[in-house]
Each structure stands twice: as structure tokens, then as C-alpha cells.
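Q: Take a look at coords15.cif, mmCIF, C-alpha atoms and all ligand atoms:
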data_start
loop_
_atom_site.label_atom_id
_atom_site.label_comp_id
_atom_site.auth_asym_id
_atom_site.auth_seq_id
_atom_site.Cartn_x
_atom_site.Cartn_y
_atom_site.Cartn_z
CA MET A 1 0.00 0.00 0.00
CA LYS A 2 1.23 3.46 -0.81
CA ALA A 3 1.97 5.51 2.30
CA SER A 4 0.18 8.82 2.77
CA PRO A 5 2.33 11.96 2.59
CA GLN A 6 2.16 12.23 6.39
CA GLU A 7 3.39 8.69 6.85
CA ILE A 8 6.19 9.26 4.39
CA ALA A 9 7.01 12.56 6.04
CA SER A 10 7.22 10.97 9.45
CA GLY A 11 9.77 8.63 7.85
CA LEU A 12 12.12 11.60 7.47
CA ASP A 13 13.97 11.98 10.75
CA VAL A 14 14.47 15.73 10.63
CA GLU A 15 16.30 15.97 13.95
CA ARG A 16 18.87 13.49 12.69
CA ILE A 17 19.08 15.27 9.37
CA ARG A 18 19.77 18.58 11.11
CA ALA A 19 22.81 17.05 12.75
CA ASP A 20 24.25 16.60 9.24
CA PHE A 21 24.29 20.39 8.71
CA PRO A 22 26.98 21.97 10.90
CA ILE A 23 25.96 25.54 10.07
CA LEU A 24 22.51 25.06 11.60
CA ARG A 25 23.98 24.52 15.08
CA GLN A 26 24.74 28.17 15.70
CA GLN A 27 22.89 31.06 17.24
CA ALA A 28 22.11 34.34 15.51
CA HIS A 29 21.69 37.44 17.66
CA GLY A 30 21.40 35.20 20.71
CA HIS A 31 18.63 33.00 19.26
CA PRO A 32 18.83 29.58 17.65
CA LEU A 33 19.38 30.19 13.94
CA VAL A 34 16.19 29.63 11.93
CA TYR A 35 17.28 29.50 8.32
CA LEU A 36 14.34 30.13 6.00
CA ASP A 37 16.19 31.58 3.01
CA ASN A 38 16.69 28.32 1.17
CA ALA A 39 15.42 29.59 -2.17
CA ALA A 40 18.42 31.94 -2.23
CA THR A 41 20.84 29.19 -1.31
CA SER A 42 20.56 26.07 0.82
CA GLN A 43 22.96 24.89 3.52
CA LYS A 44 25.39 22.04 2.93
CA PRO A 45 25.47 18.69 4.70
CA LYS A 46 28.75 17.45 6.15
CA ALA A 47 28.86 14.82 3.38
CA VAL A 48 29.21 17.59 0.78
CA ILE A 49 31.80 19.53 2.76
CA ASP A 50 33.79 16.34 3.37
CA ALA A 51 33.67 15.35 -0.31
CA ILE A 52 35.19 18.70 -1.29
CA VAL A 53 37.91 18.42 1.34
CA ARG A 54 38.62 14.84 0.25
CA TYR A 55 38.89 15.94 -3.38
CA TYR A 56 41.56 18.50 -2.49
CA GLU A 57 43.36 16.21 -0.07
CA ARG A 58 43.41 13.16 -2.34
CA ASP A 59 42.40 13.75 -5.96
CA ASN A 60 43.14 17.25 -7.19
CA ALA A 61 44.75 17.66 -10.62
CA ASN A 62 43.58 19.17 -13.89
CA ILE A 63 41.21 16.88 -15.74
CA HIS A 64 41.09 15.41 -19.25
CA ARG A 65 44.73 16.44 -19.85
CA GLY A 66 47.22 14.39 -17.94
CA VAL A 67 48.41 10.84 -18.27
CA HIS A 68 49.47 10.84 -14.65
CA TYR A 69 47.75 9.12 -11.77
CA LEU A 70 46.15 12.16 -10.15
CA SER A 71 44.87 13.61 -13.38
CA GLN A 72 43.14 10.33 -14.13
CA GLN A 73 41.80 10.21 -10.60
CA ALA A 74 40.40 13.75 -10.87
CA THR A 75 38.94 13.03 -14.31
CA GLU A 76 37.20 9.95 -12.96
CA GLU A 77 35.75 11.94 -10.07
CA PHE A 78 34.52 14.67 -12.42
CA GLU A 79 32.97 12.22 -14.87
CA ALA A 80 31.39 10.28 -11.99
CA ALA A 81 29.73 13.55 -10.97
CA ARG A 82 28.39 13.95 -14.51
CA LYS A 83 26.98 10.42 -14.30
CA ALA A 84 25.33 11.22 -10.95
CA VAL A 85 23.64 14.30 -12.44
CA GLN A 86 22.54 12.26 -15.46
CA LEU A 87 20.85 9.71 -13.21
CA PHE A 88 19.41 12.43 -10.97
CA LEU A 89 17.68 14.08 -13.96
CA HIS A 90 17.02 10.72 -15.64
CA ALA A 91 18.78 11.90 -18.78
CA ALA A 92 19.54 9.35 -21.48
CA ARG A 93 23.31 9.96 -21.63
CA PRO A 94 26.05 11.56 -19.54
CA SER A 95 27.08 13.61 -22.59
CA GLU A 96 23.79 15.51 -22.27
CA ILE A 97 24.99 17.00 -18.97
CA ILE A 98 27.12 20.16 -19.21
CA PHE A 99 28.93 21.56 -16.17
CA LEU A 100 28.67 25.34 -15.96
CA ARG A 101 28.72 28.00 -13.26
CA GLY A 102 25.02 27.97 -12.51
CA ALA A 103 21.48 28.19 -13.84
CA THR A 104 22.19 31.73 -15.01
CA GLU A 105 25.13 30.71 -17.16
CA ALA A 106 23.19 27.75 -18.53
CA ILE A 107 20.33 29.97 -19.73
CA ASN A 108 22.79 32.44 -21.23
CA LEU A 109 24.53 29.59 -23.04
CA VAL A 110 21.30 28.43 -24.68
CA ALA A 111 20.28 31.99 -25.60
CA GLN A 112 23.70 32.73 -27.09
CA THR A 113 24.13 29.48 -29.01
CA TYR A 114 20.79 27.86 -29.85
CA GLY A 115 19.07 31.23 -29.68
CA ARG A 116 21.49 33.09 -31.94
CA VAL A 117 21.18 30.43 -34.62
CA HIS A 118 17.43 29.97 -34.51
CA VAL A 119 15.97 33.35 -33.53
CA GLY A 120 15.92 35.99 -36.26
CA ALA A 121 14.27 39.32 -36.97
CA GLY A 122 10.53 39.20 -36.33
CA ASP A 123 10.75 35.86 -34.48
CA GLU A 124 9.48 35.42 -30.95
CA VAL A 125 10.75 34.03 -27.66
CA LEU A 126 7.97 33.06 -25.24
CA ILE A 127 8.47 33.29 -21.49
CA THR A 128 6.04 33.83 -18.59
CA ALA A 129 5.27 36.68 -16.23
CA MET A 130 6.72 34.78 -13.26
CA GLU A 131 10.31 34.31 -14.44
CA HIS A 132 13.42 35.11 -12.44
CA HIS A 133 15.50 37.86 -14.08
CA SER A 134 17.97 35.24 -15.24
CA ASN A 135 15.24 33.72 -17.44
CA ILE A 136 14.23 37.13 -18.79
CA VAL A 137 17.34 39.20 -19.43
CA PRO A 138 19.33 36.69 -21.56
CA TRP A 139 16.30 36.40 -23.88
CA GLN A 140 15.81 40.15 -23.93
CA MET A 141 19.48 40.58 -24.92
CA LEU A 142 19.02 38.03 -27.70
CA CYS A 143 15.81 39.69 -28.94
CA ASP A 144 17.49 43.12 -28.92
CA GLU A 145 20.39 41.80 -30.93
CA LYS A 146 18.20 40.01 -33.46
CA GLY A 147 15.21 42.31 -33.74
CA ALA A 148 13.03 39.58 -32.27
CA LYS A 149 10.12 39.94 -29.83
CA LEU A 150 9.92 38.76 -26.25
CA ARG A 151 6.37 37.55 -25.58
CA VAL A 152 5.19 37.09 -22.01
CA ALA A 153 2.42 34.69 -21.00
CA PRO A 154 0.36 36.23 -18.16
CA ILE A 155 -0.45 34.82 -14.73
CA ASN A 156 -3.66 35.04 -12.69
CA ASP A 157 -4.18 36.52 -9.22
CA HIS A 158 -3.09 33.28 -7.57
CA GLY A 159 0.19 33.40 -9.46
CA GLU A 160 -0.71 30.58 -11.84
CA LEU A 161 0.13 30.62 -15.52
CA ILE A 162 -2.97 31.21 -17.66
CA LEU A 163 -2.60 28.23 -19.96
CA GLU A 164 -5.06 29.40 -22.61
CA GLU A 165 -3.11 32.64 -22.96
CA PHE A 166 0.15 30.73 -23.10
CA GLU A 167 -1.22 28.55 -25.89
CA ARG A 168 -2.55 31.58 -27.74
CA LEU A 169 0.90 33.20 -27.60
CA LEU A 170 2.59 30.11 -29.04
CA GLY A 171 2.57 31.31 -32.61
CA PRO A 172 4.17 30.52 -35.95
CA ARG A 173 7.07 32.87 -35.08
CA THR A 174 7.78 31.34 -31.65
CA LYS A 175 11.26 29.85 -31.79
CA ILE A 176 11.73 28.82 -28.18
CA VAL A 177 9.80 28.70 -24.89
CA ALA A 178 11.70 29.40 -21.66
CA ILE A 179 9.79 28.73 -18.46
CA GLY A 180 10.47 28.27 -14.78
CA HIS A 181 9.51 24.91 -13.31
CA VAL A 182 8.91 26.51 -9.89
CA SER A 183 8.66 30.28 -9.30
CA ASN A 184 11.16 31.66 -6.79
CA ALA A 185 8.93 34.58 -5.80
CA LEU A 186 5.57 32.79 -5.65
CA GLY A 187 6.34 29.10 -5.23
CA THR A 188 4.04 28.16 -8.10
CA ILE A 189 4.77 24.79 -9.68
CA ASN A 190 4.08 25.13 -13.38
CA PRO A 191 2.45 22.24 -15.24
CA ILE A 192 5.52 21.91 -17.40
CA ALA A 193 4.68 18.48 -18.85
CA LYS A 194 1.53 19.99 -20.31
CA ILE A 195 3.36 23.13 -21.43
CA ILE A 196 6.06 21.10 -23.17
CA LYS A 197 3.38 19.09 -25.00
CA MET A 198 1.67 22.29 -26.12
CA ALA A 199 4.94 23.74 -27.41
CA HIS A 200 6.04 20.53 -29.10
CA ALA A 201 2.67 20.30 -30.86
CA LYS A 202 3.84 23.46 -32.63
CA ASN A 203 7.43 22.25 -33.02
CA VAL A 204 8.76 24.75 -30.48
CA PRO A 205 11.55 23.58 -28.15
CA VAL A 206 11.34 24.27 -24.42
CA LEU A 207 13.97 25.31 -21.89
CA VAL A 208 12.94 24.67 -18.30
CA ASP A 209 14.55 26.72 -15.53
CA GLY A 210 14.61 24.17 -12.74
CA ALA A 211 16.62 26.24 -10.23
CA GLN A 212 13.78 26.21 -7.68
CA ALA A 213 12.38 22.82 -8.63
CA VAL A 214 15.20 20.29 -8.24
CA PRO A 215 15.50 20.71 -4.45
CA HIS A 216 11.80 19.93 -4.02
CA VAL A 217 10.50 17.59 -6.72
CA ALA A 218 11.86 14.61 -8.61
CA VAL A 219 12.65 15.50 -12.22
CA ASN A 220 12.69 13.15 -15.19
CA VAL A 221 13.80 15.03 -18.29
CA GLN A 222 13.03 12.09 -20.58
CA GLU A 223 9.48 11.75 -19.31
CA LEU A 224 9.00 15.52 -19.51
CA ASP A 225 10.61 15.51 -22.96
CA CYS A 226 12.02 19.01 -22.31
CA ASP A 227 14.75 20.12 -24.68
CA PHE A 228 16.85 21.95 -22.08
CA TYR A 229 16.74 21.86 -18.28
CA VAL A 230 18.96 24.00 -16.06
CA PHE A 231 19.70 24.19 -12.34
CA SER A 232 22.27 25.44 -9.82
CA SER A 233 24.09 23.17 -7.39
CA HIS A 234 24.02 25.67 -4.53
CA LYS A 235 20.23 25.53 -4.18
CA LEU A 236 20.44 21.72 -4.12
CA TYR A 237 22.61 21.44 -0.98
CA GLY A 238 25.72 21.41 -3.19
CA PRO A 239 28.53 23.97 -3.47
CA THR A 240 28.34 27.35 -5.18
CA GLY A 241 29.98 27.93 -8.54
CA VAL A 242 28.51 24.89 -10.27
CA GLY A 243 25.38 24.53 -12.36
CA ILE A 244 23.98 22.20 -14.93
CA LEU A 245 22.66 22.45 -18.43
CA TYR A 246 20.85 19.37 -19.64
CA GLY A 247 20.21 19.37 -23.37
CA LYS A 248 19.05 16.72 -25.79
CA GLN A 249 22.08 15.26 -27.51
CA ALA A 250 20.99 16.14 -31.06
CA LEU A 251 20.34 19.77 -30.11
CA LEU A 252 23.67 20.10 -28.29
CA GLU A 253 25.54 18.60 -31.22
CA ALA A 254 23.96 21.03 -33.66
CA MET A 255 24.65 24.09 -31.47
CA PRO A 256 27.76 26.22 -31.95
CA PRO A 257 30.13 26.46 -28.99
CA TYR A 258 29.62 29.13 -26.32
CA GLN A 259 33.09 30.04 -25.11
CA GLY A 260 36.37 29.18 -26.77
CA GLY A 261 39.37 27.81 -24.94
CA GLY A 262 41.04 24.68 -23.70
CA ASP A 263 39.21 21.33 -23.57
CA MET A 264 36.46 22.43 -25.98
CA ILE A 265 38.55 21.78 -29.08
CA SER A 266 39.71 18.68 -30.88
CA SER A 267 42.40 20.49 -32.88
CA VAL A 268 43.61 24.05 -33.30
CA THR A 269 45.63 25.74 -36.02
CA PHE A 270 45.67 29.45 -36.80
CA GLU A 271 43.63 28.66 -39.90
CA LYS A 272 40.98 26.46 -38.37
CA THR A 273 39.79 24.97 -35.12
CA THR A 274 37.65 21.88 -34.87
CA TYR A 275 35.54 21.43 -31.80
CA ASN A 276 35.40 18.64 -29.29
CA LYS A 277 32.36 16.37 -28.88
CA VAL A 278 29.58 17.26 -26.48
CA PRO A 279 29.64 17.78 -23.56
CA HIS A 280 33.26 19.02 -23.77
CA LYS A 281 32.44 21.44 -26.61
CA PHE A 282 30.58 23.54 -24.02
CA GLU A 283 33.10 23.22 -21.21
CA ALA A 284 35.91 25.58 -22.18
CA GLY A 285 38.69 25.95 -19.64
CA THR A 286 39.29 24.24 -16.33
CA PRO A 287 35.91 23.52 -14.76
CA ASP A 288 35.03 23.59 -11.08
CA MET A 289 36.12 20.04 -10.35
CA SER A 290 35.67 20.18 -6.59
CA GLY A 291 32.26 21.76 -7.17
CA ALA A 292 31.19 18.86 -9.36
CA VAL A 293 32.41 16.42 -6.71
CA GLY A 294 30.43 18.33 -4.08
CA LEU A 295 27.32 18.30 -6.24
CA ARG A 296 27.60 14.55 -6.62
CA ALA A 297 27.81 14.18 -2.83
CA ALA A 298 24.68 16.35 -2.50
CA ILE A 299 22.80 14.20 -4.99
CA GLU A 300 23.86 11.05 -3.17
CA TYR A 301 22.71 12.58 0.11
CA LEU A 302 19.31 13.41 -1.39
CA ASN A 303 19.00 9.98 -2.97
CA LYS A 304 19.50 8.41 0.43
CA LEU A 305 16.67 10.46 1.90
CA GLY A 306 14.45 10.08 -1.17
CA MET A 307 13.04 13.01 -3.13
CA GLU A 308 9.48 11.84 -2.40
CA ASN A 309 10.12 11.93 1.35
CA ILE A 310 11.65 15.38 1.04
CA ALA A 311 8.73 16.65 -1.06
CA ALA A 312 6.23 15.26 1.44
CA HIS A 313 8.00 16.82 4.42
CA GLU A 314 8.30 20.22 2.75
CA HIS A 315 4.70 20.06 1.57
CA GLU A 316 3.56 19.49 5.13
CA LEU A 317 5.66 22.46 6.34
CA LEU A 318 4.35 24.73 3.60
CA GLU A 319 0.73 23.76 4.30
CA TYR A 320 1.20 24.35 8.00
CA ALA A 321 2.92 27.71 7.47
CA THR A 322 0.34 28.82 4.90
CA GLN A 323 -2.56 27.98 7.18
CA LYS A 324 -1.03 29.73 10.19
CA VAL A 325 0.30 32.81 8.37
CA SER A 326 -2.92 33.42 6.46
CA ALA A 327 -4.83 33.37 9.77
CA ILE A 328 -2.83 36.36 11.10
CA PRO A 329 -4.82 39.57 10.55
CA GLY A 330 -3.05 42.09 8.35
CA VAL A 331 -0.90 39.49 6.60
CA ARG A 332 -1.45 38.61 2.95
CA ILE A 333 0.19 35.73 1.16
CA VAL A 334 1.41 36.56 -2.35
CA GLY A 335 1.25 33.45 -4.52
CA THR A 336 -1.63 31.16 -3.71
CA ALA A 337 -1.40 28.67 -6.55
CA LYS A 338 -2.94 25.25 -6.03
CA GLU A 339 0.40 23.61 -6.78
CA LYS A 340 3.24 25.14 -4.81
CA ALA A 341 6.68 24.19 -3.54
CA GLY A 342 9.06 25.62 -1.02
CA VAL A 343 8.12 29.27 -0.93
CA LEU A 344 5.87 31.44 1.24
CA SER A 345 5.88 35.07 0.10
CA PHE A 346 3.87 37.55 2.14
CA VAL A 347 3.27 41.19 2.91
CA ILE A 348 2.09 42.83 6.13
CA GLU A 349 -0.23 45.79 5.89
CA GLY A 350 1.59 49.04 6.64
CA VAL A 351 5.04 47.44 7.07
CA HIS A 352 7.80 47.51 4.49
CA PRO A 353 9.11 43.97 3.82
CA HIS A 354 12.62 45.19 4.59
CA ASP A 355 11.50 46.05 8.13
CA ILE A 356 9.95 42.59 8.46
CA GLY A 357 13.29 41.05 7.49
CA THR A 358 15.24 43.24 9.92
CA ILE A 359 13.01 42.49 12.91
CA LEU A 360 12.95 38.75 12.14
CA ASP A 361 16.74 38.81 11.86
CA GLN A 362 16.96 40.13 15.41
CA GLU A 363 15.04 36.98 16.43
CA GLY A 364 17.56 34.78 14.62
CA ILE A 365 15.23 34.15 11.69
CA ALA A 366 16.68 34.45 8.18
CA ILE A 367 14.24 35.24 5.40
CA ARG A 368 14.68 37.18 2.18
CA THR A 369 12.97 40.47 1.46
CA GLY A 370 12.83 42.43 -1.76
CA HIS A 371 11.78 41.74 -5.32
CA HIS A 372 13.62 38.39 -5.42
CA CYS A 373 15.04 39.15 -8.88
CA ALA A 374 11.50 38.89 -10.20
CA GLN A 375 10.48 42.53 -10.56
CA PRO A 376 7.76 41.78 -13.15
CA VAL A 377 6.08 39.50 -10.59
CA MET A 378 6.04 42.36 -8.07
CA GLU A 379 4.59 44.66 -10.70
CA ARG A 380 1.88 42.10 -11.52
CA PHE A 381 0.78 42.14 -7.88
CA GLY A 382 1.14 45.91 -7.53
CA ILE A 383 3.83 45.74 -4.84
CA ASP A 384 7.54 46.57 -4.64
CA ALA A 385 8.65 43.67 -2.55
CA THR A 386 7.61 40.75 -0.37
CA ALA A 387 8.99 38.95 2.63
CA ARG A 388 9.80 35.40 1.61
CA ALA A 389 10.27 32.37 3.81
CA SER A 390 11.52 29.38 1.85
CA PHE A 391 11.78 25.85 3.19
CA ALA A 392 14.26 23.03 2.96
CA LEU A 393 14.37 19.42 4.05
CA TYR A 394 15.93 20.35 7.41
CA ASN A 395 13.28 22.86 8.48
CA THR A 396 10.80 22.02 11.23
CA LYS A 397 7.33 23.00 12.43
CA GLU A 398 9.00 24.57 15.45
CA GLU A 399 10.87 26.88 13.07
CA VAL A 400 7.59 27.81 11.40
CA ASP A 401 6.25 28.59 14.88
CA ALA A 402 9.28 30.84 15.46
CA LEU A 403 8.45 32.61 12.20
CA LEU A 404 4.85 33.09 13.37
CA ARG A 405 6.01 34.57 16.67
CA GLY A 406 8.36 36.82 14.71
CA ILE A 407 5.56 38.07 12.47
CA LYS A 408 3.45 38.84 15.54
CA LYS A 409 6.36 40.78 16.97
CA VAL A 410 6.65 42.80 13.76
CA GLU A 411 2.96 43.65 14.00
CA GLU A 412 3.37 44.73 17.64
CA VAL A 413 6.27 47.00 16.73
CA PHE A 414 4.23 48.65 13.97
CA ALA A 415 0.90 48.66 15.83
N1 LIG A 501 16.10 30.76 -11.80
C1 LIG A 501 15.37 30.81 -10.69
C2 LIG A 501 13.95 30.40 -10.71
C3 LIG A 501 15.96 31.28 -9.51
O1 LIG A 501 15.23 31.32 -8.40
C4 LIG A 501 17.32 31.67 -9.51
C5 LIG A 501 17.99 32.23 -8.30
C6 LIG A 501 18.03 31.56 -10.71
C7 LIG A 501 17.39 31.11 -11.83
C8 LIG A 501 19.47 31.94 -10.82
O2 LIG A 501 20.25 31.02 -10.17
P1 LIG A 501 21.84 31.27 -10.02
O3 LIG A 501 22.28 30.19 -9.13
O4 LIG A 501 22.40 31.16 -11.40
O5 LIG A 501 21.99 32.63 -9.45
N2 LIG A 501 17.11 32.68 -7.31
C9 LIG A 501 17.42 33.35 -6.19
C10 LIG A 501 16.48 33.70 -5.22
O6 LIG A 501 15.29 33.43 -5.30
N3 LIG A 501 17.08 34.35 -4.22
O7 LIG A 501 18.40 34.43 -4.50
C11 LIG A 501 18.61 33.82 -5.72
#
Take the structure in the file and write it out as C-alpha cells.
A:
Amino acid sequence: MKASPQEIASGLDVERIRADFPILRQQAHGHPLVYLDNAATSQKPKAVIDAIVRYYERDNANIHRGVHYLSQQATEEFEAARKAVQLFLHAARPSEIIFLRGATEAINLVAQTYGRVHVGAGDEVLITAMEHHSNIVPWQMLCDEKGAKLRVAPINDHGELILEEFERLLGPRTKIVAIGHVSNALGTINPIAKIIKMAHAKNVPVLVDGAQAVPHVAVNVQELDCDFYVFSSHKLYGPTGVGILYGKQALLEAMPPYQGGGDMISSVTFEKTTYNKVPHKFEAGTPDMSGAVGLRAAIEYLNKLGMENIAAHEHELLEYATQKVSAIPGVRIVGTAKEKAGVLSFVIEGVHPHDIGTILDQEGIAIRTGHHCAQPVMERFGIDATARASFALYNTKEEVDALLRGIKKVEEVFA
């Protein structure tokens, strides 16, 4: 029999998990640290920190270049990380996984390679009104350069994509769709399987920005049939400086390279350079080897816990927080989609979100305030900023209770 979400959730021993995260043990301003800024970056388990230390103590050398023992060791570690990401995303081949600096670089790569080849004057790039700036600006830059148009599918008052409008905007000039899997400002989970089907019905490829999705939901790029999928390691309990572009092999092979340099070539003369095979064609220069090793350790850590268990635990936290926060007079939740993950954005009547963040900080509670690099979302809701609590697998109901006490304190201060 399938266990209910609660039963699964109770299978996640959060107190034990917290012991894996050294940073969570400290106090902030004399209070136990309550870290609810996970959408910005998540904390790292000891397993990840140890893997990075081990890499530098045992394996470090430049990869793909040396015949010597350590270089082979480092290359094996790096390629094992690629394999781990492949399995994590359920991609068909390791060569479909490109190591980059982050989700931002991955989107820029696709805009500057696939986009520059396929988007011309009068063509259209279709995004949505809930994108992070990093899934807006690279497309805007491309459209400016090419004389193309950026089309934006609208969202409703709950922060859900209006699918009929999205479908209407998918036109004969649409050359690519770029859409967030989960919104960082609203928490909305987009029905991307459906969206990909709609786009493919019109022969339009889809890039999915999974930066806020991979920490919360299991992703299967083959089942989704997305053409590109991007994410950052640092939001997935892995180190900073590493991110992933997944692309279908045939698309990657047909794309021109992004940056030129070492490792991305197969031969160079002053007359002509021939490029390496994918994925190396897109990995110019020395990559972040220790970062890849750390990301692999993060994936292994998550695999041990089980993405379904994590999703169930976080869902329970989000439901609990939503119910409690929405019951506080004067507080309004921004982003009330039926399908949500990880994020609770809110405003308090008469209080600037920055002041909410400052008062909560004094209580040891870390949240993010501002526009969350999603200014068009703020504009859609007629506000400048929100306060955002975002949850991770190590957060507890007691921490949500601390947040609730903090919000009440804010209201007292401004009463
Ligand atoms: N896409 C989404 C949906 C994001 O939330 C972010 C970062 C990015 C892309 C960019 O990721 P990066 O790792 O390349 O910077 N979002 C946030 C946030 O919500 N608070 O800080 C960073």
C-alpha cells in the first residue's frame, strides 16, 4: 500500500538530518538560527563539505589532460559527478549534462548558441510573467540583438500561468519557450509536462529553468521531454559555482560552442579549429572540479533520503505555514497557486518587507525580502517587494512557529 504523505514525512527523521548540517547549530543574535532563506541558497550537509575536502586532499589535478595518476583520478571523479547528475535528472546519456557555473550561465549559453542560430528578426521568444530575471534578461538581450520579440504569458491573481493565454501566444514565429519549473517569488509549480506538450505540438523547443524545482521535486527530463533543463548546485545542498545544463544530444551537437578555450577543441591551427564532442564542446577551460564532486555528494545525500520523502515533508511544512500565516490579521500571502513548492511570500499591511526582514533577523530568523530578482512579478501584484520564507528538508514546524512569533512581533512594533 502506498503511504500517505504524512506517513512518508514521518519517515524523514528531521532531527537526525539537522545534525548533518553543521551551520545550523549556531545562534544568531542570541537566538537559535532559523534558516528560511533556502530559495536563495541552501545549507550544505557534512557529506558535501567532506567530499570537497577529500577531493583536495586526495584527488586534485587538472582533468582530461594528464596521463598521470592524479589527473586520471580527478577526471574519474569529475565524470562520476556527470553520471550522478545524469541519473538524478534521468537523462539518457552523460554527454547531455554540461557543467557550468550555474542556472544563469546555462540559460545564457542556450540563448547565445541555440538562440542566436534559430531566432531571427521578427521571431518570438515566449516566457512567462513569473520568471526570475535570469530567465528574462538573456532572452531580452538576444531579442534586442536580433530584432526579435519577447512575448510574455500572463499569470492570474493566484500566481498561476494562464494556460489558454500561453497557448494563444505560441505562434508561428515562436522559436523557443523558456519557463520556470517553480517560481522563486511565488512558489508556483508550473504544469511543465503539459506546457512542453503544447509547445512541441507546434514544433517549439522548451527550456525549463529548474533552479527552484530540483530541491523539491523529482525531475525526469526524458518523461517531460524538455529540450533543455537548467539548475544550480548551490540551491540543491551542493557547493556554489557549479550549475547544470541538460540538453538533448541532437540539439547540443547542432549548437555552436559558447566560449572558446582549452578542452572544448579537438584540434587548433591558426587557420581552423575543430571542436570537441559534447559535452566538452561547451566546457571551455578548467571547470570547477571540486564543485562537481560536491554536487555529486549532495545528490547522493538526497538519494538516500528520497526526493518523495523530502517533497512530502516540505509540503507538510508549507501547508502548516500557509494555514497559520494566512490566519494572522493584516498578513497577505502573495502566490496562492494550487500547486506550490518551497516558498511562502507575504506582505504585512503598513510594514515595508525590509523592516519585516530586519526584525525577524533580530530573532535569529533568516528570510529574504525584496523583489527576489523577479520585478515583473512584483509589478503584476502591484507591490515593490515581499517577505519570503523558503523551506528546505531540514526545516521544522518549530521553526515555522518561530516565524509566526516573529511576524506577531513585527505587528506589535508597527501597531
Ligand atoms: N532561476 C530561478 C527560478 C531562480 O530562483 C534563480 C535564483 C536563478 C534562476 C538563478 O540562479 P543562479 O544560481 O544562477 O543565481 N534565485 C534566487 C532567489 O530566489 N534568491 O536568491 C537567488
Q: Rank A:Glu77, A:Glu96, A:Glu398, A:Asp209 by their smallest atom-to-atom distance to ligand LIG 501 (chain A), using only C-alpha atoms and all ligand atoms, and report the top residue only.
A: A:Asp209
Q: I need every residue sitting at most 10 Å from the point (23.6, 32.0, -25.1) (coordinates as in the file, all atoms listed in the file considered), written as a list in words.
A: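 Output: Glu105, Ala106, Ile107, Asn108, Leu109, Val110, Ala111, Gln112, Thr113, Tyr114, Gly115, Arg116, Val117, Pro138, Trp139, Met141, Leu142, Pro256, Pro257, Tyr258 and Gln259 of chain A.
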Q: Which is closer to ligand LIG 501 (chain A) than all the others in A:Leu305, A:Leu252, A:Val182, A:Ile348, using all atoms listed in the file?
A: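 Ranking A:Leu305, A:Leu252, A:Val182, A:Ile348 by distance to ligand LIG 501 (chain A), first place goes to A:Val182.
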Q: So how far away is atom CA of Val278 of chain A from atom CA of Tyr246 of chain A, in Å?
A: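 Here the two named atoms are 11.3 Å from each other.
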Q: Counting all atoms listed in the file, which protein, DNA or RNA residues come within 9 Å of ligand LIG 501 (chain A), given as a ChimeraX atom specification?
A: /A:37-41,101-107,130-135,179-185,209-213,230-235,240-243,368,372-374
Q: Measuring atom to atom with only C-alpha atoms, identify which of A:Gly120, A:Gly364, A:Gly247, A:Pro329 is nearest to Lys408 of chain A.
A: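 The shortest atom-to-atom distance to Lys408 of chain A comes from A:Pro329.
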Q: Excluding Lys202 of chain A and residues on its chain fewer than 4 positions from it, collect all residues at most 9 Å away from it, counting only C-alpha atoms, and give them as an NGL selection string.
A: :A and (170-172 or 174 or 197-198)
Q: Hey, which of A:Ile162, A:Ala402, A:Ile192, A:Ala297 ends up closest to Leu360 of chain A? Count all atoms listed in the file.
A: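 Ranking A:Ile162, A:Ala402, A:Ile192, A:Ala297 by distance to Leu360 of chain A, first place goes to A:Ala402.
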Q: Quick one: residues within 12 Å of Glu15 of chain A, all atoms listed in the file, excluding same-chain residues fewer than 3 positions away - as a list in words?
A: Ser10, Gly11, Leu12, Arg18, Ala19, Asp20, Phe21, Leu24, Arg25, Leu393, Tyr394, Asn395, Thr396, Lys397 and Glu398 of chain A
Q: Which of these residues is nearest to Ala341 of chain A, using only C-alpha atoms: A:Ala385, A:Leu186, A:Leu207, A:Ala284?
A: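 Among A:Ala385, A:Leu186, A:Leu207, A:Ala284, it is A:Leu186 that comes nearest to Ala341 of chain A.
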Q: Got a moment to write segment 230-234 of chain A out with all heavy atoms, as a PDB file, in the first residue's frame?
A:
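New file out22.pdb:
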ATOM      1  N   VAL A 230      17.795  23.420 -16.741  1.00  0.00           N
ATOM      2  CA  VAL A 230      18.956  24.002 -16.057  1.00  0.00           C
ATOM      3  C   VAL A 230      18.712  24.062 -14.545  1.00  0.00           C
ATOM      4  O   VAL A 230      17.576  24.203 -14.100  1.00  0.00           O
ATOM      5  CB  VAL A 230      19.276  25.439 -16.579  1.00  0.00           C
ATOM      6  CG1 VAL A 230      19.308  25.473 -18.097  1.00  0.00           C
ATOM      7  CG2 VAL A 230      18.301  26.480 -16.048  1.00  0.00           C
ATOM      8  N   PHE A 231      19.797  23.942 -13.786  1.00  0.00           N
ATOM      9  CA  PHE A 231      19.699  24.193 -12.345  1.00  0.00           C
ATOM     10  C   PHE A 231      21.060  24.549 -11.765  1.00  0.00           C
ATOM     11  O   PHE A 231      22.095  24.383 -12.424  1.00  0.00           O
ATOM     12  CB  PHE A 231      19.053  23.006 -11.603  1.00  0.00           C
ATOM     13  CG  PHE A 231      19.902  21.778 -11.456  1.00  0.00           C
ATOM     14  CD1 PHE A 231      20.760  21.629 -10.367  1.00  0.00           C
ATOM     15  CD2 PHE A 231      19.837  20.752 -12.390  1.00  0.00           C
ATOM     16  CE1 PHE A 231      21.532  20.486 -10.213  1.00  0.00           C
ATOM     17  CE2 PHE A 231      20.607  19.594 -12.247  1.00  0.00           C
ATOM     18  CZ  PHE A 231      21.461  19.470 -11.151  1.00  0.00           C
ATOM     19  N   SER A 232      21.047  25.071 -10.537  1.00  0.00           N
ATOM     20  CA  SER A 232      22.275  25.438  -9.816  1.00  0.00           C
ATOM     21  C   SER A 232      22.499  24.469  -8.667  1.00  0.00           C
ATOM     22  O   SER A 232      21.558  24.147  -7.936  1.00  0.00           O
ATOM     23  CB  SER A 232      22.141  26.849  -9.224  1.00  0.00           C
ATOM     24  OG  SER A 232      22.116  27.808 -10.244  1.00  0.00           O
ATOM     25  N   SER A 233      23.742  24.091  -8.478  1.00  0.00           N
ATOM     26  CA  SER A 233      24.087  23.171  -7.388  1.00  0.00           C
ATOM     27  C   SER A 233      23.806  23.769  -6.011  1.00  0.00           C
ATOM     28  O   SER A 233      23.347  23.089  -5.094  1.00  0.00           O
ATOM     29  CB  SER A 233      25.574  22.812  -7.527  1.00  0.00           C
ATOM     30  OG  SER A 233      26.156  22.491  -6.301  1.00  0.00           O
ATOM     31  N   HIS A 234      24.055  25.082  -5.875  1.00  0.00           N
ATOM     32  CA  HIS A 234      24.016  25.669  -4.527  1.00  0.00           C
ATOM     33  C   HIS A 234      22.614  25.733  -3.919  1.00  0.00           C
ATOM     34  O   HIS A 234      22.472  25.913  -2.716  1.00  0.00           O
ATOM     35  CB  HIS A 234      24.657  27.070  -4.525  1.00  0.00           C
ATOM     36  CG  HIS A 234      23.839  28.122  -5.205  1.00  0.00           C
ATOM     37  ND1 HIS A 234      22.961  28.922  -4.507  1.00  0.00           N
ATOM     38  CD2 HIS A 234      23.749  28.497  -6.497  1.00  0.00           C
ATOM     39  CE1 HIS A 234      22.383  29.764  -5.368  1.00  0.00           C
ATOM     40  NE2 HIS A 234      22.843  29.524  -6.578  1.00  0.00           N
TER      41      HIS A 234
END
